[in-house]
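Down below is the structure, laid out as structure tokens.
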Amino acid sequence: MRAAVAALILAVSAPALPQLALAQSAPQDWNQTVANTGKGHRVGNPEAAVQLVEFVSYTCPHCAHYAEVSEGALRLGYVGEGKAAVEVRHVIRNPVDLAAALTTECGPDDKFFDRHRAMFLAYDEWIAKAQAATPAQQTRWRSGTIGQQMQAIANDLDFYQIMEPQGVGTAQLDRCLTDAARAEAIRDASQANSAEFAVPGTPSFVINGALLPDVYSWEALQPLIEQSASAPVG
């Protein structure tokens, strides 16, 4: 009887140390670490072995395809485990690019990649509208203040509807689209970033400060990421 009582006391009073240790040792998900670098937006471990910069244009079909095929493997296999950090920098080629960039930058920095993903997920629908724009629509896109132009593009291409599920309402997006100083800053940053690496087109990629020549797809990029992630330190 005494042995049974003693066993019961031990079972009740023993702390759940193994479970606590497991919880404390759970690996960090670096996909939750997002920062505005001043030149773009970065997700991942800022000290990762691979520092990847993506130069993308929202109207670029190759960029949309890259975003679609790279998302899972890059974010789960490299960023999440702390092997790589990814920084997105805008390349502004036309007014639609600028309207899209103002849209994805509208809201908290830590949600930028959600908005960025949403813009590319809806790419086929809104780019078709852009390509089918009437002369009257195109005139609206070039008339009035920069804010009026951006609002016209966003309205015609359904950017308001794309951003609503991301928590960006009409009034908030209007404020972002009519921010002339922000629009100018995005254009200036695009020019400076492209000049820094002599970016030849989109998408283009930089790993650890070096532009990758003739690399424009996930199929070409992935082996280079793997090689850099596996390289010995020092």
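In the structure tokens, the first chain shown is A, the next is B, and so on; residue numbers restart at 1 for each chain, and ligands run from 1 in the order shown.
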> Residues at most 9 Å from Ser228 of chain A, counting only C-alpha atoms, excluding those fewer than 4 positions away in the same chain, as an NGL selection string?
Replying inline: :A and (49-50 or 207-208 or 223-224 or 232)
Output C-alpha atoms of each residue in that selection to a file, as an mmCIF file, in the first residue's frame.
data_model
loop_
_atom_site.group_PDB
_atom_site.id
_atom_site.type_symbol
_atom_site.label_atom_id
_atom_site.label_comp_id
_atom_site.auth_asym_id
_atom_site.auth_seq_id
_atom_site.Cartn_x
_atom_site.Cartn_y
_atom_site.Cartn_z
ATOM 1 C CA ALA A 49 24.654 32.143 -45.232
ATOM 2 C CA VAL A 50 22.655 33.102 -48.329
ATOM 3 C CA ILE A 207 23.505 36.330 -53.986
ATOM 4 C CA ASN A 208 25.796 37.678 -51.284
ATOM 5 C CA PRO A 223 21.199 25.072 -57.482
ATOM 6 C CA LEU A 224 23.128 28.291 -56.811
ATOM 7 C CA PRO A 232 31.876 26.099 -45.690
#
>> Quick check for you: according to DSSP on this backbone, which residues of segment 81-208 of chain A are classed as strand (DSSP E)? Reply as a PyMOL selection string.
In response: chain A and resi 84-90+204-207
> Which of segment 132-224 of chain A counts as alpha helix (DSSP H) under DSSP, as JSON, numbers by chain please?
Replying inline: {"A": [135, 136, 137, 138, 139, 140, 141, 146, 147, 148, 149, 150, 151, 152, 153, 154, 155, 156, 159, 160, 161, 162, 163, 170, 171, 172, 173, 174, 175, 176, 177, 180, 181, 182, 183, 184, 185, 186, 187, 188, 189, 190, 191, 192, 193, 194, 195, 196, 197, 218, 219, 220, 221, 222, 223, 224]}
> Hey, what's within 8 Å of Gly147 of chain A if we count only C-alpha atoms and toss same-chain stuff fewer than 6 positions away? As JSON, numbers by chain, please?
Replying inline: {"A": [177, 178, 179, 180]}
Atoms kept (N, CA and C atoms) for selection, written as an mmCIF file, in the first residue's frame:
data_model
loop_
_atom_site.group_PDB
_atom_site.id
_atom_site.type_symbol
_atom_site.label_atom_id
_atom_site.label_comp_id
_atom_site.auth_asym_id
_atom_site.auth_seq_id
_atom_site.Cartn_x
_atom_site.Cartn_y
_atom_site.Cartn_z
ATOM 1 N N LEU A 177 -1.915 55.400 -52.529
ATOM 2 C CA LEU A 177 -1.811 55.670 -53.957
ATOM 3 C C LEU A 177 -1.652 57.158 -54.259
ATOM 4 N N THR A 178 -2.123 58.010 -53.386
ATOM 5 C CA THR A 178 -2.032 59.453 -53.619
ATOM 6 C C THR A 178 -0.848 60.091 -52.890
ATOM 7 N N ASP A 179 0.021 59.255 -52.340
ATOM 8 C CA ASP A 179 1.221 59.758 -51.650
ATOM 9 C C ASP A 179 2.309 60.006 -52.703
ATOM 10 N N ALA A 180 2.348 61.226 -53.229
ATOM 11 C CA ALA A 180 3.281 61.554 -54.311
ATOM 12 C C ALA A 180 4.730 61.401 -53.874
#
> Which is closest to Ser190 of chain A among A:Leu76, A:His65, A:Arg89, A:Asn45, if we use only C-alpha atoms?
Replying inline: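 Using only C-alpha atoms, the shortest distance to Ser190 of chain A belongs to A:Arg89.
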Which residues of segment 70-104 of chain A come within 12 Å of segment 140-146 of chain A, and for each one, what is the closest pair of atoms and their distance in Å to one decimal, counting only C-alpha atoms, sorted by chain and residue number, as JSON lines?
{"residue": "A:Asn94", "atom": "CA", "partner": "A:Trp141", "partner_atom": "CA", "distance": 10.8}
{"residue": "A:Pro95", "atom": "CA", "partner": "A:Trp141", "partner_atom": "CA", "distance": 7.7}
{"residue": "A:Val96", "atom": "CA", "partner": "A:Trp141", "partner_atom": "CA", "distance": 8.7}
{"residue": "A:Leu98", "atom": "CA", "partner": "A:Ile146", "partner_atom": "CA", "distance": 10.1}
{"residue": "A:Ala99", "atom": "CA", "partner": "A:Ile146", "partner_atom": "CA", "distance": 9.7}
{"residue": "A:Leu102", "atom": "CA", "partner": "A:Ile146", "partner_atom": "CA", "distance": 11.6}
> Rounded to one decimal in Å, what is the spacing between atom CA of Gln51 of chain A and atom CA of Phe197 of chain A?
Replying inline: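 It comes out at 14.7 Å.
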> atom CA of Ala181 of chain A to atom CA of Gly38 of chain A: how many Å, to one decimal?
Replying inline: 15.0 Å
>> Please list as a PyMOL selection string every residue within 7 Å of Trp126 of chain A, counting only C-alpha atoms and excluding residues in the same chain fewer than 4 positions away.
In response: chain A and resi 122+130+157-158
> Contacts of Ala67 of chain A at 9 Å or less, counting only C-alpha atoms, minus same-chain residues fewer than 6 places along, as a list in words?
Replying inline: Arg117, Phe120, Leu121 and Trp218 of chain A
>> Taking 6 positions as the minimum chain separation for residues in the same chain, which residues sit within 12 Å of Ala171 of chain A when counting only C-alpha atoms? Answer as a list in words.
In response: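 Non-adjacent residues within range: Cys106, Gly107, Gln151, Tyr160, Met163, Glu164, Leu177 and Thr178 of chain A.
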>> What does the structure give for the distance between atom CA of Gln138 of chain A and atom CA of Ala64 of chain A, in Å to one decimal?
In response: 22.9 Å
>> Could you check the closest approach to Asp156 of chain A for each of A:Ile92, A:Leu173, A:Ala128, A:Leu74 and tell me which residue wins, using only C-alpha atoms?
In response: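 Distance minimum relative to Asp156 of chain A lands on A:Ala128.
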>> I need the residue nearest Ser230 of chain A from this list: A:Ala189, A:Cys176, A:Val43, A:Ala84. Use only C-alpha atoms for the distance.
In response: A:Ala84
>> Report as number ranges by chain all protein, DNA and RNA residues lying within 8 Å of segment 211-216 of chain A, evaluated on only C-alpha atoms, omitting residues in the same chain fewer than 4 positions from it.
In response: A: 62, 197, 199, 202-207, 220-221
>> I need the residue nearest Ile162 of chain A from this list: A:Glu196, A:Asp188, A:Glu47, A:Glu125. Use only C-alpha atoms for the distance.
In response: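 Between A:Glu196, A:Asp188, A:Glu47, A:Glu125, the residue approaching Ile162 of chain A most closely is A:Glu125.
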